[in-house]
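> File input_35.cif below, mmCIF, C-alpha atoms:
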data_my_file
loop_
_atom_site.group_PDB
_atom_site.id
_atom_site.type_symbol
_atom_site.label_atom_id
_atom_site.label_comp_id
_atom_site.auth_asym_id
_atom_site.auth_seq_id
_atom_site.Cartn_x
_atom_site.Cartn_y
_atom_site.Cartn_z
ATOM 1 C CA MET O 1 161.006 25.606 94.605
ATOM 2 C CA ARG O 2 162.662 28.577 96.166
ATOM 3 C CA SER O 3 166.095 29.805 95.079
ATOM 4 C CA ILE O 4 168.680 30.335 97.815
ATOM 5 C CA ARG O 5 171.277 33.090 97.398
ATOM 6 C CA VAL O 6 174.843 31.859 97.874
ATOM 7 C CA ASP O 7 177.347 34.174 99.567
ATOM 8 C CA ALA O 8 180.568 33.295 97.765
ATOM 9 C CA SER O 9 182.533 36.334 98.965
ATOM 10 C CA ALA O 10 184.919 34.254 101.120
ATOM 11 C CA ALA O 11 185.121 31.276 98.735
ATOM 12 C CA THR O 12 187.736 30.420 96.159
ATOM 13 C CA ILE O 13 186.103 29.400 92.878
ATOM 14 C CA LEU O 14 188.272 27.879 90.144
ATOM 15 C CA LEU O 15 187.145 27.186 86.569
ATOM 16 C CA THR O 16 187.440 23.459 85.797
ATOM 17 C CA GLU O 17 185.331 23.171 82.609
ATOM 18 C CA ALA O 18 185.158 25.754 79.837
ATOM 19 C CA PRO O 19 181.745 27.272 79.059
ATOM 20 C CA GLU O 20 179.650 25.241 76.629
ATOM 21 C CA MET O 21 176.058 25.386 75.471
ATOM 22 C CA LYS O 22 173.592 23.727 77.840
ATOM 23 C CA VAL O 23 171.593 21.068 75.987
ATOM 24 C CA LYS O 24 167.916 20.765 76.906
ATOM 25 C CA ASP O 25 167.177 17.635 74.869
ATOM 26 C CA ARG O 26 170.063 15.261 74.114
ATOM 27 C CA GLN O 27 168.092 13.422 71.437
ATOM 28 C CA THR O 28 167.344 16.531 69.370
ATOM 29 C CA GLY O 29 170.316 18.658 70.431
ATOM 30 C CA GLU O 30 167.958 21.490 71.457
ATOM 31 C CA ILE O 31 169.800 24.208 73.393
ATOM 32 C CA ALA O 32 168.363 25.288 76.762
ATOM 33 C CA LYS O 33 166.913 28.795 76.825
ATOM 34 C CA ASP O 34 166.075 31.145 79.685
ATOM 35 C CA ALA O 35 162.326 30.970 80.322
ATOM 36 C CA LEU O 36 161.952 34.759 80.636
ATOM 37 C CA SER O 37 164.432 36.233 78.161
ATOM 38 C CA GLY O 38 164.727 33.380 75.663
ATOM 39 C CA GLU O 39 168.523 33.752 75.799
ATOM 40 C CA SER O 40 170.671 30.642 75.262
ATOM 41 C CA LEU O 41 172.144 29.143 78.421
ATOM 42 C CA MET O 42 175.710 27.972 78.979
ATOM 43 C CA LYS O 43 177.120 25.593 81.593
ATOM 44 C CA ILE O 44 180.493 25.732 83.300
ATOM 45 C CA GLY O 45 182.263 23.511 85.783
ATOM 46 C CA VAL O 46 183.920 24.966 88.861
ATOM 47 C CA VAL O 47 185.474 23.792 92.075
ATOM 48 C CA TYR O 48 183.973 25.754 94.959
ATOM 49 C CA ILE O 49 186.305 25.925 97.986
ATOM 50 C CA ASP O 50 185.096 27.390 101.268
ATOM 51 C CA ALA O 51 185.919 26.764 104.943
ATOM 52 C CA GLY O 52 188.369 23.973 104.077
ATOM 53 C CA GLU O 53 185.845 22.004 102.005
ATOM 54 C CA SER O 54 185.545 21.746 98.243
ATOM 55 C CA SER O 55 182.832 20.689 95.803
ATOM 56 C CA LEU O 56 182.782 20.256 92.044
ATOM 57 C CA ILE O 57 179.638 21.915 90.719
ATOM 58 C CA GLN O 58 178.037 22.778 87.390
ATOM 59 C CA VAL O 59 176.703 26.330 87.079
ATOM 60 C CA THR O 60 174.265 27.618 84.455
ATOM 61 C CA VAL O 61 174.941 31.115 83.099
ATOM 62 C CA PRO O 62 173.221 33.109 80.332
ATOM 63 C CA GLU O 63 175.338 33.301 77.169
ATOM 64 C CA SER O 64 175.716 37.099 77.503
ATOM 65 C CA GLY O 65 177.104 36.620 81.038
ATOM 66 C CA VAL O 66 180.158 34.631 79.908
ATOM 67 C CA SER O 67 183.176 36.967 79.998
ATOM 68 C CA GLU O 68 186.171 36.879 77.694
ATOM 69 C CA GLY O 69 189.533 35.890 79.130
ATOM 70 C CA LEU O 70 188.435 32.890 81.193
ATOM 71 C CA THR O 71 191.245 30.382 81.781
ATOM 72 C CA LEU O 72 190.918 26.810 83.022
ATOM 73 C CA GLY O 73 192.281 26.521 86.560
ATOM 74 C CA ALA O 74 192.045 30.268 87.156
ATOM 75 C CA PRO O 75 189.835 31.884 89.784
ATOM 76 C CA VAL O 76 186.432 33.178 88.679
ATOM 77 C CA SER O 77 183.630 35.135 90.250
ATOM 78 C CA LEU O 78 179.960 34.141 89.940
ATOM 79 C CA PRO O 79 177.796 37.226 90.573
ATOM 80 C CA GLY O 80 174.205 36.475 91.489
ATOM 81 C CA LEU O 81 174.934 32.844 92.394
ATOM 82 C CA VAL O 82 171.838 30.972 93.596
ATOM 83 C CA ALA O 83 171.142 27.356 94.500
ATOM 84 C CA ARG O 84 167.805 25.694 93.766
ATOM 85 C CA PRO O 85 166.950 22.269 95.219
ATOM 86 C CA TRP O 86 165.158 19.982 92.732
ATOM 87 C CA GLU O 87 163.655 16.523 92.569
ATOM 88 C CA SER O 88 162.067 14.468 89.816
ATOM 89 C CA VAL O 89 161.188 10.943 88.810
ATOM 90 C CA PHE O 90 163.146 9.577 85.830
ATOM 91 C CA ASN O 91 162.587 6.044 84.518
ATOM 92 C CA GLY O 92 160.728 5.202 87.711
ATOM 93 C CA GLN O 93 163.524 6.351 90.001
ATOM 94 C CA GLN O 94 163.362 9.407 92.197
ATOM 95 C CA ARG O 95 166.282 11.781 91.722
ATOM 96 C CA HIS O 96 167.212 14.961 93.543
ATOM 97 C CA GLY O 97 169.985 17.504 93.697
ATOM 98 C CA ILE O 98 170.878 21.164 93.682
ATOM 99 C CA ALA O 99 170.989 23.295 90.523
ATOM 100 C CA TYR O 100 173.281 26.332 90.542
ATOM 101 C CA ARG O 101 172.770 29.439 88.447
ATOM 102 C CA ALA O 102 174.629 32.754 88.208
ATOM 103 C CA THR O 103 174.041 35.931 86.236
ATOM 104 C CA ALA O 104 177.624 35.853 84.923
ATOM 105 C CA VAL O 105 181.028 34.220 85.114
ATOM 106 C CA VAL O 106 183.954 36.654 85.160
ATOM 107 C CA PRO O 107 187.678 36.387 85.873
ATOM 108 C CA GLY O 108 188.259 36.542 89.620
ATOM 109 C CA VAL O 109 191.091 36.784 92.111
ATOM 110 C CA PHE O 110 192.279 34.545 94.904
ATOM 111 C CA PRO O 111 190.880 35.733 98.259
ATOM 112 C CA ALA O 112 193.378 37.527 100.487
ATOM 113 C CA GLN O 113 194.931 35.213 103.061
ATOM 114 C CA THR O 114 194.641 36.264 106.691
ATOM 115 C CA GLY O 115 197.097 35.504 109.469
ATOM 116 C CA ALA O 116 200.111 34.601 107.339
#
What does the file become when written as structure tokens?


Amino acid sequence: MRSIRVDASAATILLTEAPEMKVKDRQTGEIAKDALSGESLMKIGVVYIDAGESSLIQVTVPESGVSEGLTLGAPVSLPGLVARPWESVFNGQQRHGIAYRATAVVPGVFPAQTGA
């Protein structure tokens, strides 16, 4: 399926879960790798706040894209953020959702407030 670029320039994104290795196979403990580069993948949890609405989302980031100095609850930036719709059948049940991926996760700033 097609990836959709996400314009997060006006959003507030707060880190809610520290980066950890993304597991491909829970039974074997195999770590997920990028299909092109072979680099290990990490997952993070964030709250994405935009236009008065918020969502808790998981974002996949390559291991080299995880910056030092990330703090839980602090704002982060997700350069190259894309959303990819997915669907599959698991144990006879159809499942669907949106997978998020970014090229990096770096410390961010709170967006400037307008009309104070």

> Separation of atom CA of Asp25 of chain O and atom CA of Tyr100 of chain O, in Å?

18.9 Å

> Residues within 12 Å of segment 49-55 of chain O, please, as number ranges by chain. Count all atoms listed in the file; anything in the same chain fewer than 4 positions from it doesn't count.

O: 6-16, 45, 75-76, 110-111

> What's the separation between atom CA of Ser3 of chain O and atom CA of Ile31 of chain O, in Å to one decimal place?

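So the answer is 22.7 Å.
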
> Can you translate the PyMOL selection byres ((chain O and resi 67) around 8) into the concrete residues it hits in this file, as a ChimeraX atom specification?

/O:64-66,68-70,104-107

> Between O:Ala83, O:Met21, O:Val89, O:Ala102, which has the minimum distance to Lys43 of chain O (counting only C-alpha atoms)?

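Selected residue with least distance to Lys43 of chain O: O:Met21.
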
> For Gly38 of chain O, which residue out of O:Glu87, O:Pro62, O:Glu17, O:Gly97 is the nearest one, using all atoms listed in the file?

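Using all atoms listed in the file, the shortest distance to Gly38 of chain O belongs to O:Pro62.
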
> In Å, rounded to a single decimal, give me how far atom CA of Arg101 of chain O is from atom CA of Arg2 of chain O.

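Separation between atom CA of Arg2 of chain O and atom CA of Arg101 of chain O: 12.7 Å.
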
> The PyMOL selection byres ((chain O and resi 57) around 7) - which residues does that actually catch in the file I just gave you? List them as JSON, numbers by chain.

{"O": [45, 46, 47, 55, 56, 58, 59]}

> Running the PyMOL selection byres ((chain O and resi 22) around 12) on this model by hand, what would come out? Give it as a list in words.

Ala18, Pro19, Glu20, Met21, Val23, Lys24, Asp25, Arg26, Gly29, Glu30, Ile31, Ala32, Lys33, Asp34, Glu39, Ser40, Leu41, Met42, Lys43, Ile44, Gly45, Gln58, Val59, Thr60, Val61, Pro62 and Glu63 of chain O

> Where's the centre, and what are the edge lengths in Å to one decimal, of a box along x, y and z enclosing all listed atoms of segment 78-86 of chain O padded 5 Å per side, as lines of an AutoDock Vina configuration file?


center_x = 172.6
center_y = 28.6
center_z = 92.6
size_x = 24.8
size_y = 27.2
size_z = 15.3

> Counting only C-alpha atoms, which of O:Gln27, O:Ala99, O:Tyr48, O:Leu36 gets nearest to Leu78 of chain O?

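Among the listed residues, the smallest separation from Leu78 of chain O belongs to O:Tyr48.
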